[in-house]
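Asks: I'd like to ask some things about the structure below.
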Amino acid sequence: MTRGEARRPPQEFDRVLSSMCTTPHPAAREAAQAFLATNPGDPETYPAVAERERDAVALLGEIVGLSSPHGYIAAGGTEANLQAVRAARNRADADAVNVVAPASAHFSFQKAADVLGVELRLAPTDGDHRADVAAVADLVDDDTAVVVGVAGTTEYGRVDPIPALADIAAGVDANLHVDAAWGGFVLPFTDHDWSFADAPVDTMAIDPHKMGQAPVPAGGFLARDPETLDALAIETPYLESDTQPTLGGTRSGAGVAGALASLRALWPDGYREQYERTQGNAEYLAAELAARGYDVVDPELPLVAADMPDAEFQALRQEGWRISRTASDALRVVCMPHVTREMLAAFLDDVDALA
Ligand code: 0PR
């Protein structure tokens with residue numbers, strides 16, 4: 001490292017309003033550092049981290065209403081979504097399987113479809129950005145391996161009607177996968193139906209490295225049945241362990257240890273407080289933007305979308321705000337744990353200064 005490099009901070013978060021990553025919990029940071037050299041991809045050789053992974057999966061199970069969860073700490077939501085599609089494809093009878101998802105599904109499903117050679121059928125969303133149940137029902141057929149519902153969409157923070165999607169999946173003997181990569185750590189404190197306890201969900205993505213306050217990389221892949229992991233497992237003849245269900249080979253022990261430490265520190269009370277604070281911040285920002293005449297999408301979860309003219313959006317970016325837009329050009333602010341009321345007030349001051 002050069003001396004200049006040492007002085008350059010890796011990342012400030014004081015103007016980051018567009019990210020789904022956040023500053024990790026201090027205990028998670030410390031745990032991650034202690035496990036930097038370990039590899040949960042080889043659990044017999046690295047038993048200490050393997051044990052932590054089992055504990056992390058058990059705690060994730062509590063969060064998602066699953067008493068005997070099967071799964072692992074993945075690189076992120078992309079891997080968890082890909083593995084859900086892969087498991088469903090491997091278990092399906094059909095030769096040419098398809099995946100049916102709402103158009104609001106994260107772009108990782110496009111990658112999954114491309115890598116796995118399955119057809120991705122996207123159903124339009126309804127007027128409130130949720131999966132349109134009738135449109136999903138129209139797209140499924142006997143070759144559908146998995147129906148996807150999103151519990152906390154990337155663009156609008158919406159929760160799809162998971163029980164209704166589960167009925168559709170059951171009707172064609174397909175899996176139901178719930179993508180709660182972002183929403184999974186806030187939804188337990190709401191009255192949404194989204195979890196394994198609320199519907200016959202087969203697999204789920206829930207990422208500690210998003211709202212879980214774990215360091216990157218820590219995604220969560222969970223399955224109700226052990227057969228799902230069996231459908232993913234390949235033999236590893238020369239390792240101490242016999243099979244491997246993960247997509248990655250060597251994986252981050254730091255991610256696993258960090259995820260467990262944040263789960264232990266924050267579930268449930270810390271996450272409840274975090275939900276209340278971040279949701280309060282989203283409602284504050286939504287109300288303040290609405291009061292200034294912007295057209296705001298009601299924040300059901302801690303994510304605010306609002307129509308903003310491009311010139312204003314670009315001017316705020318010039319001020320250093322890290323903000324992004326939805327596909328339909330709305331401003332999108334994700335109220336992650338590092339986003340404070342003071343940050344939002346400073347952002348609104350800059351919005352006012354544009355006038
Ligand atoms: N599922 C949902 C619902 C997501 O929102 C995301 C990512 C994924 C899956 C994929 O997760 P990984 O990125 O962990 O594989 N959502 C964010 C997005 O695309 C990811 C992100 C995070 C983007 C931080 C920017 C950023 O600074 O917007």
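Here, A, B, ... name the chains of the structure tokens in the order displayed, residue numbers run from 1 inside each chain, and ligands are numbered from 1 in the same displayed order.
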Within 7 Å of ligand 1, which residues show up when you count only C-alpha atoms and all ligand atoms? List them as a short mmCIF file (atom, residue, chain, number, x, y, z; two decimals) with C-alpha atoms, in the first residue's frame, please.

Replies:
```cif
data_model
loop_
_atom_site.label_atom_id
_atom_site.label_comp_id
_atom_site.auth_asym_id
_atom_site.auth_seq_id
_atom_site.Cartn_x
_atom_site.Cartn_y
_atom_site.Cartn_z
CA SER A 18 -28.98 4.39 -3.29
CA SER A 19 -27.20 1.36 -1.89
CA MET A 20 -28.57 -1.80 -0.35
CA CYS A 21 -25.28 -2.29 1.48
CA ALA A 75 -22.13 -14.68 -1.85
CA GLY A 76 -25.34 -12.66 -2.07
CA GLY A 77 -28.85 -12.55 -3.41
CA THR A 78 -27.70 -13.26 -6.94
CA GLU A 79 -26.27 -16.62 -5.94
CA ASN A 81 -31.70 -16.71 -6.56
CA ALA A 105 -37.87 -9.32 -9.94
CA HIS A 106 -34.20 -8.44 -9.53
CA SER A 108 -30.20 -11.66 -11.04
CA VAL A 150 -40.46 -10.81 -4.23
CA GLY A 152 -39.31 -6.28 -0.73
CA THR A 153 -38.69 -5.30 -4.34
CA THR A 154 -35.46 -3.59 -5.31
CA ASP A 179 -36.74 -13.27 -2.90
CA ALA A 180 -36.49 -11.55 0.48
CA ALA A 181 -32.84 -10.64 -0.11
CA TRP A 182 -33.49 -7.06 0.94
CA ASP A 207 -29.21 -11.43 2.65
CA GLY A 219 -26.22 -13.75 1.28
#
```

Asks: So that I can see what lies close to segment 327-330 of chain A, please list as a list in words the residues with an atom at most 10 Å from it, counting only C-alpha atoms and leaving out residues fewer than 6 positions away in the same chain.

Replies: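 The residues that qualify are Ser104, Glu155, Tyr156, Asp295, Val296, Val297, Val304, Ala305, Ala306, Asp307, Met308, Pro309, Asp310 and Phe313 of chain A.
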
Asks: Please produce a file of those selected residues containing C-alpha atoms, as a short mmCIF file (atom, residue, chain, number, x, y, z; two decimals), in the first residue's frame.

Replies:
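That gives us part18.cif:
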```cif
data_model
loop_
_atom_site.label_atom_id
_atom_site.label_comp_id
_atom_site.auth_asym_id
_atom_site.auth_seq_id
_atom_site.Cartn_x
_atom_site.Cartn_y
_atom_site.Cartn_z
CA SER A 104 -40.18 -6.35 -10.64
CA GLU A 155 -37.13 -0.58 -6.90
CA TYR A 156 -40.23 0.12 -4.78
CA ASP A 295 -45.24 12.55 -6.74
CA VAL A 296 -44.19 9.97 -4.12
CA VAL A 297 -44.79 6.21 -3.98
CA VAL A 304 -38.84 5.88 -1.13
CA ALA A 305 -39.49 6.42 -4.84
CA ALA A 306 -40.52 9.81 -6.20
CA ASP A 307 -40.82 11.44 -9.60
CA MET A 308 -38.07 14.00 -10.01
CA PRO A 309 -37.09 15.90 -13.17
CA ASP A 310 -33.80 14.73 -14.61
CA PHE A 313 -31.66 14.49 -10.15
#
```

Asks: Report as a list of chain:residue names all protein, DNA and RNA residues lying within 10 Å of Arg224 of chain A, evaluated on only C-alpha atoms, omitting residues in the same chain fewer than 3 positions from it.

Replies: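 Non-adjacent residues within range: A:Gly61, A:Leu66, A:Ser67, A:Ser68, A:Pro69, A:His70, A:Gly71, A:Phe196, A:Pro200, A:Val201, A:Asp202, A:Thr203, A:Met204, A:Glu227, A:Thr228, A:Leu229.
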
Asks: Please produce a file of those selected residues containing all heavy atoms, as a CSV table (one decimal), in the first residue's frame.

Replies:
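New file selection-v1.csv:
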```
chain,number,residue,atom,x,y,z
A,61,GLY,N,-33.3,-19.2,10.0
A,61,GLY,CA,-34.6,-20.0,10.0
A,61,GLY,C,-35.6,-19.4,11.0
A,61,GLY,O,-36.8,-19.3,10.7
A,66,LEU,N,-39.0,-21.0,9.9
A,66,LEU,CA,-38.6,-22.3,9.5
A,66,LEU,C,-37.9,-23.0,10.6
A,66,LEU,O,-36.7,-22.6,10.9
A,66,LEU,CB,-37.8,-22.2,8.2
A,66,LEU,CG,-37.6,-23.4,7.3
A,66,LEU,CD1,-39.0,-24.0,6.9
A,66,LEU,CD2,-36.8,-23.1,6.1
A,67,SER,N,-38.4,-24.0,11.2
A,67,SER,CA,-37.8,-24.6,12.4
A,67,SER,C,-36.6,-25.5,12.1
A,67,SER,O,-35.6,-25.5,12.8
A,67,SER,CB,-38.8,-25.4,13.3
A,67,SER,OG,-39.5,-26.3,12.5
A,68,SER,N,-36.6,-26.2,10.9
A,68,SER,CA,-35.4,-26.9,10.5
A,68,SER,C,-34.9,-26.4,9.2
A,68,SER,O,-35.2,-27.1,8.2
A,68,SER,CB,-35.6,-28.4,10.4
A,68,SER,OG,-36.5,-28.8,11.4
A,69,PRO,N,-34.3,-25.3,9.1
A,69,PRO,CA,-33.9,-24.8,7.8
A,69,PRO,C,-32.7,-25.5,7.2
A,69,PRO,O,-31.9,-26.0,7.9
A,69,PRO,CB,-33.5,-23.3,8.1
A,69,PRO,CG,-33.0,-23.4,9.5
A,69,PRO,CD,-33.8,-24.4,10.2
A,70,HIS,N,-32.7,-25.6,5.9
A,70,HIS,CA,-31.6,-26.2,5.2
A,70,HIS,C,-31.0,-25.0,4.3
A,70,HIS,O,-31.8,-24.4,3.6
A,70,HIS,CB,-32.0,-27.3,4.3
A,70,HIS,CG,-32.7,-28.4,5.1
A,70,HIS,ND1,-31.9,-29.4,5.8
A,70,HIS,CD2,-34.0,-28.6,5.5
A,70,HIS,CE1,-32.8,-30.1,6.5
A,70,HIS,NE2,-34.0,-29.7,6.3
A,71,GLY,N,-29.7,-24.8,4.3
A,71,GLY,CA,-29.2,-23.7,3.4
A,71,GLY,C,-27.8,-23.4,3.8
A,71,GLY,O,-27.1,-24.2,4.5
A,196,PHE,N,-41.9,-18.6,5.3
A,196,PHE,CA,-42.2,-20.0,5.3
A,196,PHE,C,-43.4,-20.4,6.1
A,196,PHE,O,-44.0,-21.4,5.9
A,196,PHE,CB,-40.9,-20.8,5.7
A,196,PHE,CG,-39.8,-20.9,4.7
A,196,PHE,CD1,-38.8,-19.9,4.7
A,196,PHE,CD2,-39.7,-21.9,3.8
A,196,PHE,CE1,-37.8,-20.0,3.8
A,196,PHE,CE2,-38.7,-22.0,2.9
A,196,PHE,CZ,-37.7,-21.0,2.9
A,200,PRO,N,-46.7,-22.1,1.7
A,200,PRO,CA,-45.8,-23.2,1.4
A,200,PRO,C,-44.6,-22.8,0.5
A,200,PRO,O,-44.5,-23.2,-0.7
A,200,PRO,CB,-46.7,-24.2,0.7
A,200,PRO,CG,-47.9,-23.4,0.2
A,200,PRO,CD,-48.0,-22.2,1.0
A,201,VAL,N,-43.8,-22.0,1.0
A,201,VAL,CA,-42.6,-21.5,0.3
A,201,VAL,C,-41.6,-22.6,0.3
A,201,VAL,O,-41.4,-23.3,1.3
A,201,VAL,CB,-42.0,-20.2,1.1
A,201,VAL,CG1,-40.7,-19.8,0.5
A,201,VAL,CG2,-43.0,-19.1,1.1
A,202,ASP,N,-40.9,-22.8,-0.8
A,202,ASP,CA,-39.9,-23.9,-0.9
A,202,ASP,C,-38.5,-23.4,-0.6
A,202,ASP,O,-37.7,-24.0,0.1
A,202,ASP,CB,-39.9,-24.5,-2.3
A,202,ASP,CG,-41.2,-25.3,-2.5
A,202,ASP,OD1,-41.4,-26.3,-1.9
A,202,ASP,OD2,-42.1,-24.8,-3.3
A,203,THR,N,-38.2,-22.2,-1.2
A,203,THR,CA,-36.8,-21.7,-1.1
A,203,THR,C,-36.9,-20.1,-0.9
A,203,THR,O,-37.9,-19.5,-1.3
A,203,THR,CB,-35.9,-21.9,-2.3
A,203,THR,OG1,-36.6,-21.5,-3.5
A,203,THR,CG2,-35.6,-23.4,-2.5
A,204,MET,N,-35.8,-19.6,-0.3
A,204,MET,CA,-35.8,-18.1,-0.1
A,204,MET,C,-34.4,-17.6,-0.1
A,204,MET,O,-33.5,-18.2,0.2
A,204,MET,CB,-36.4,-17.9,1.3
A,204,MET,CG,-36.6,-16.4,1.6
A,204,MET,SD,-37.3,-16.1,3.2
A,204,MET,CE,-39.0,-16.4,2.9
A,227,GLU,N,-34.1,-32.2,0.4
A,227,GLU,CA,-34.0,-32.6,-1.0
A,227,GLU,C,-33.6,-31.5,-1.9
A,227,GLU,O,-33.0,-31.7,-3.0
A,227,GLU,CB,-35.3,-33.2,-1.5
A,227,GLU,CG,-35.7,-34.6,-0.9
A,227,GLU,CD,-36.3,-34.4,0.5
A,227,GLU,OE1,-36.8,-33.3,0.9
A,227,GLU,OE2,-36.2,-35.4,1.3
A,228,THR,N,-33.9,-30.2,-1.5
A,228,THR,CA,-33.5,-29.1,-2.3
A,228,THR,C,-32.0,-29.0,-2.4
A,228,THR,O,-31.4,-28.8,-3.5
A,228,THR,CB,-34.1,-27.8,-1.8
A,228,THR,OG1,-35.5,-27.9,-1.8
A,228,THR,CG2,-33.7,-26.6,-2.6
A,229,LEU,N,-31.3,-29.2,-1.2
A,229,LEU,CA,-29.9,-29.1,-1.3
A,229,LEU,C,-29.3,-30.4,-2.0
A,229,LEU,O,-28.3,-30.3,-2.7
A,229,LEU,CB,-29.3,-29.0,0.2
A,229,LEU,CG,-29.5,-27.7,0.9
A,229,LEU,CD1,-28.6,-27.6,2.1
A,229,LEU,CD2,-29.2,-26.5,0.0
```

Asks: When you look at Ala164 of chain A with a cut-off of 9 Å (counting only C-alpha atoms), what residues show up, excluding the ones that are within fewer than 4 positions of it in the same chain? I need them as a PyMOL selection string.

Replies: chain A and resi 133+160+168-169+199

Asks: Go ahead and write the residues just picked, N, CA and C atoms, as an mmCIF file, in the first residue's frame.

Replies:
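Generated output (result.cif):
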```
data_model
loop_
_atom_site.group_PDB
_atom_site.id
_atom_site.type_symbol
_atom_site.label_atom_id
_atom_site.label_comp_id
_atom_site.auth_asym_id
_atom_site.auth_seq_id
_atom_site.Cartn_x
_atom_site.Cartn_y
_atom_site.Cartn_z
ATOM 1 N N VAL A 133 -51.328 -11.239 -9.986
ATOM 2 C CA VAL A 133 -51.565 -12.672 -9.801
ATOM 3 C C VAL A 133 -52.159 -13.308 -11.059
ATOM 4 N N ASP A 160 -44.891 -8.931 -2.820
ATOM 5 C CA ASP A 160 -45.851 -9.626 -3.683
ATOM 6 C C ASP A 160 -46.825 -10.452 -2.838
ATOM 7 N N ILE A 168 -50.654 -20.702 -7.068
ATOM 8 C CA ILE A 168 -50.401 -20.865 -8.508
ATOM 9 C C ILE A 168 -49.285 -21.887 -8.730
ATOM 10 N N ALA A 169 -48.231 -21.787 -7.932
ATOM 11 C CA ALA A 169 -47.116 -22.734 -8.065
ATOM 12 C C ALA A 169 -47.603 -24.156 -7.796
ATOM 13 N N ALA A 199 -46.874 -19.321 4.097
ATOM 14 C CA ALA A 199 -47.261 -19.962 2.831
ATOM 15 C C ALA A 199 -46.312 -21.139 2.579
#
```

Asks: Could you please write out, as a VMD selection string, every residue of segment 49-106 of chain A that DSSP assigns to strand (DSSP E)?

Replies: chain A and resid 70 to 74 98 to 102

Asks: Create the file for the chosen residues now, containing C-alpha atoms and written as a compact mmCIF listing (two decimals), in the first residue's frame.

Replies:
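again_27.txt written:
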```
# COMPACT_ATOMS: atom_id res chain seq x y z
CA HIS A 70 -31.55 -26.16 5.15
CA GLY A 71 -29.23 -23.74 3.44
CA TYR A 72 -25.99 -21.83 3.54
CA ILE A 73 -24.39 -18.41 3.50
CA ALA A 74 -24.02 -17.49 -0.17
CA ASN A 98 -39.38 -22.13 -17.39
CA VAL A 99 -39.32 -19.69 -14.49
CA VAL A 100 -42.21 -17.30 -13.93
CA ALA A 101 -41.44 -14.09 -12.07
CA PRO A 102 -42.93 -10.61 -11.80
```

Asks: Mind checking which residues fall within 6 Å of segment 212-218 of chain A, counting only C-alpha atoms, ignoring those fewer than 3 positions away in the same chain, and posting them as a PyMOL selection string?

Replies: chain A and resi 24-25+28+73-76+185+208-209+255+258-259+262

Asks: Restrict the selected residues to N, CA and C atoms and save them as an mmCIF file, in the first residue's frame.

Replies:
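Result went into part-v8.cif, see below:
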```
data_model
loop_
_atom_site.group_PDB
_atom_site.id
_atom_site.type_symbol
_atom_site.label_atom_id
_atom_site.label_comp_id
_atom_site.auth_asym_id
_atom_site.auth_seq_id
_atom_site.Cartn_x
_atom_site.Cartn_y
_atom_site.Cartn_z
ATOM 1 N N PRO A 24 -21.354 -2.218 8.492
ATOM 2 C CA PRO A 24 -21.607 -3.405 9.295
ATOM 3 C C PRO A 24 -21.652 -3.109 10.792
ATOM 4 N N HIS A 25 -22.348 -3.960 11.504
ATOM 5 C CA HIS A 25 -22.354 -3.892 12.970
ATOM 6 C C HIS A 25 -20.916 -4.120 13.458
ATOM 7 N N ALA A 28 -19.820 -7.612 13.993
ATOM 8 C CA ALA A 28 -19.731 -8.368 12.739
ATOM 9 C C ALA A 28 -18.417 -8.060 12.027
ATOM 10 N N ILE A 73 -24.689 -19.822 3.706
ATOM 11 C CA ILE A 73 -24.391 -18.408 3.499
ATOM 12 C C ILE A 73 -23.741 -18.270 2.124
ATOM 13 N N ALA A 74 -24.454 -17.623 1.231
ATOM 14 C CA ALA A 74 -24.025 -17.487 -0.165
ATOM 15 C C ALA A 74 -23.283 -16.160 -0.360
ATOM 16 N N ALA A 75 -22.833 -15.935 -1.577
ATOM 17 C CA ALA A 75 -22.127 -14.684 -1.855
ATOM 18 C C ALA A 75 -23.077 -13.493 -1.849
ATOM 19 N N GLY A 76 -24.358 -13.743 -2.052
ATOM 20 C CA GLY A 76 -25.336 -12.661 -2.069
ATOM 21 C C GLY A 76 -26.646 -13.144 -2.640
ATOM 22 N N PHE A 185 -35.055 -8.833 6.576
ATOM 23 C CA PHE A 185 -34.726 -8.405 7.941
ATOM 24 C C PHE A 185 -35.661 -7.315 8.464
ATOM 25 N N PRO A 208 -27.974 -11.326 4.756
ATOM 26 C CA PRO A 208 -27.415 -10.588 5.896
ATOM 27 C C PRO A 208 -26.643 -9.334 5.457
ATOM 28 N N HIS A 209 -26.042 -9.331 4.260
ATOM 29 C CA HIS A 209 -25.240 -8.146 3.900
ATOM 30 C C HIS A 209 -26.082 -6.975 3.362
ATOM 31 N N GLY A 255 -17.465 -13.678 5.586
ATOM 32 C CA GLY A 255 -18.894 -13.456 5.358
ATOM 33 C C GLY A 255 -19.743 -14.264 6.320
ATOM 34 N N GLY A 258 -19.162 -12.999 9.975
ATOM 35 C CA GLY A 258 -19.769 -11.665 10.097
ATOM 36 C C GLY A 258 -21.288 -11.763 10.164
ATOM 37 N N ALA A 259 -21.850 -12.637 9.328
ATOM 38 C CA ALA A 259 -23.313 -12.800 9.322
ATOM 39 C C ALA A 259 -23.783 -13.309 10.680
ATOM 40 N N SER A 262 -23.607 -10.544 13.382
ATOM 41 C CA SER A 262 -24.657 -9.517 13.306
ATOM 42 C C SER A 262 -26.009 -10.104 13.703
#
```

Asks: Could you give me, as number ranges by chain, the residues within 8 Å of Pro245 of chain A, counting only C-alpha atoms and dropping anything in the same chain fewer than 4 positions from it?

Replies: A: 229-234

Asks: Segment 300-303 of chain A: which residues within 10 Å, counting only C-alpha atoms, same-chain residues fewer than 6 positions away excluded, as a PyMOL selection string?

Replies: chain A and resi 17-18+151-159+183+186-187+190+275-283+285-286+332-337

Asks: Give the helix (DSSP H, G or I) residues of segment 149-222 of chain A, as DSSP finds them on the backbone, and put them as a list in words.

Replies: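 So, restricting segment 149-222 of chain A to helix (DSSP H, G or I), we get Ile162, Pro163, Ala164, Leu165, Ala166, Asp167, Ile168, Ala169, Ala170, Gly171, Gly183, Gly184, Phe185, Leu187, Pro188 and Phe189 of chain A.
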
Asks: Quick one: write out the picked residues with N, CA and C atoms as a PDB file, in the first residue's frame?

Replies:
```
ATOM      1  N   ILE A 162     -47.629 -13.374  -1.671  1.00  0.00           N
ATOM      2  CA  ILE A 162     -46.935 -14.670  -1.618  1.00  0.00           C
ATOM      3  C   ILE A 162     -47.913 -15.854  -1.516  1.00  0.00           C
ATOM      4  N   PRO A 163     -48.920 -15.825  -0.622  1.00  0.00           N
ATOM      5  CA  PRO A 163     -49.827 -16.989  -0.566  1.00  0.00           C
ATOM      6  C   PRO A 163     -50.529 -17.256  -1.899  1.00  0.00           C
ATOM      7  N   ALA A 164     -50.935 -16.215  -2.606  1.00  0.00           N
ATOM      8  CA  ALA A 164     -51.605 -16.414  -3.901  1.00  0.00           C
ATOM      9  C   ALA A 164     -50.627 -16.983  -4.928  1.00  0.00           C
ATOM     10  N   LEU A 165     -49.397 -16.533  -4.887  1.00  0.00           N
ATOM     11  CA  LEU A 165     -48.384 -17.081  -5.814  1.00  0.00           C
ATOM     12  C   LEU A 165     -48.088 -18.543  -5.471  1.00  0.00           C
ATOM     13  N   ALA A 166     -48.132 -18.863  -4.180  1.00  0.00           N
ATOM     14  CA  ALA A 166     -47.912 -20.253  -3.764  1.00  0.00           C
ATOM     15  C   ALA A 166     -49.015 -21.154  -4.318  1.00  0.00           C
ATOM     16  N   ASP A 167     -50.240 -20.664  -4.318  1.00  0.00           N
ATOM     17  CA  ASP A 167     -51.351 -21.448  -4.884  1.00  0.00           C
ATOM     18  C   ASP A 167     -51.110 -21.714  -6.371  1.00  0.00           C
ATOM     19  N   ILE A 168     -50.654 -20.702  -7.068  1.00  0.00           N
ATOM     20  CA  ILE A 168     -50.401 -20.865  -8.508  1.00  0.00           C
ATOM     21  C   ILE A 168     -49.285 -21.887  -8.730  1.00  0.00           C
ATOM     22  N   ALA A 169     -48.231 -21.787  -7.932  1.00  0.00           N
ATOM     23  CA  ALA A 169     -47.116 -22.734  -8.065  1.00  0.00           C
ATOM     24  C   ALA A 169     -47.603 -24.156  -7.796  1.00  0.00           C
ATOM     25  N   ALA A 170     -48.381 -24.314  -6.733  1.00  0.00           N
ATOM     26  CA  ALA A 170     -48.871 -25.652  -6.377  1.00  0.00           C
ATOM     27  C   ALA A 170     -49.734 -26.223  -7.500  1.00  0.00           C
ATOM     28  N   GLY A 171     -50.477 -25.359  -8.165  1.00  0.00           N
ATOM     29  CA  GLY A 171     -51.376 -25.811  -9.235  1.00  0.00           C
ATOM     30  C   GLY A 171     -50.652 -26.442 -10.410  1.00  0.00           C
ATOM     31  N   GLY A 183     -35.722  -7.500   1.846  1.00  0.00           N
ATOM     32  CA  GLY A 183     -36.809  -7.288   2.799  1.00  0.00           C
ATOM     33  C   GLY A 183     -36.792  -8.191   4.019  1.00  0.00           C
ATOM     34  N   GLY A 184     -36.022  -9.268   3.964  1.00  0.00           N
ATOM     35  CA  GLY A 184     -36.140 -10.305   4.986  1.00  0.00           C
ATOM     36  C   GLY A 184     -35.844  -9.878   6.405  1.00  0.00           C
ATOM     37  N   PHE A 185     -35.055  -8.833   6.576  1.00  0.00           N
ATOM     38  CA  PHE A 185     -34.726  -8.405   7.941  1.00  0.00           C
ATOM     39  C   PHE A 185     -35.661  -7.315   8.464  1.00  0.00           C
ATOM     40  N   LEU A 187     -39.262  -7.449   7.309  1.00  0.00           N
ATOM     41  CA  LEU A 187     -40.616  -7.996   7.211  1.00  0.00           C
ATOM     42  C   LEU A 187     -41.122  -8.680   8.485  1.00  0.00           C
ATOM     43  N   PRO A 188     -40.237  -9.292   9.327  1.00  0.00           N
ATOM     44  CA  PRO A 188     -40.765  -9.917  10.543  1.00  0.00           C
ATOM     45  C   PRO A 188     -41.491  -8.925  11.455  1.00  0.00           C
ATOM     46  N   PHE A 189     -41.251  -7.651  11.273  1.00  0.00           N
ATOM     47  CA  PHE A 189     -41.848  -6.647  12.159  1.00  0.00           C
ATOM     48  C   PHE A 189     -43.042  -5.953  11.507  1.00  0.00           C
TER      49      PHE A 189
END
```

Asks: Compare A:Val140, A:Ser241, A:Val256, A:Arg8 by their minimum atom-to-atom distance to Ala37 of chain A, counting only C-alpha atoms, and give me the closest one.

Replies: A:Val256
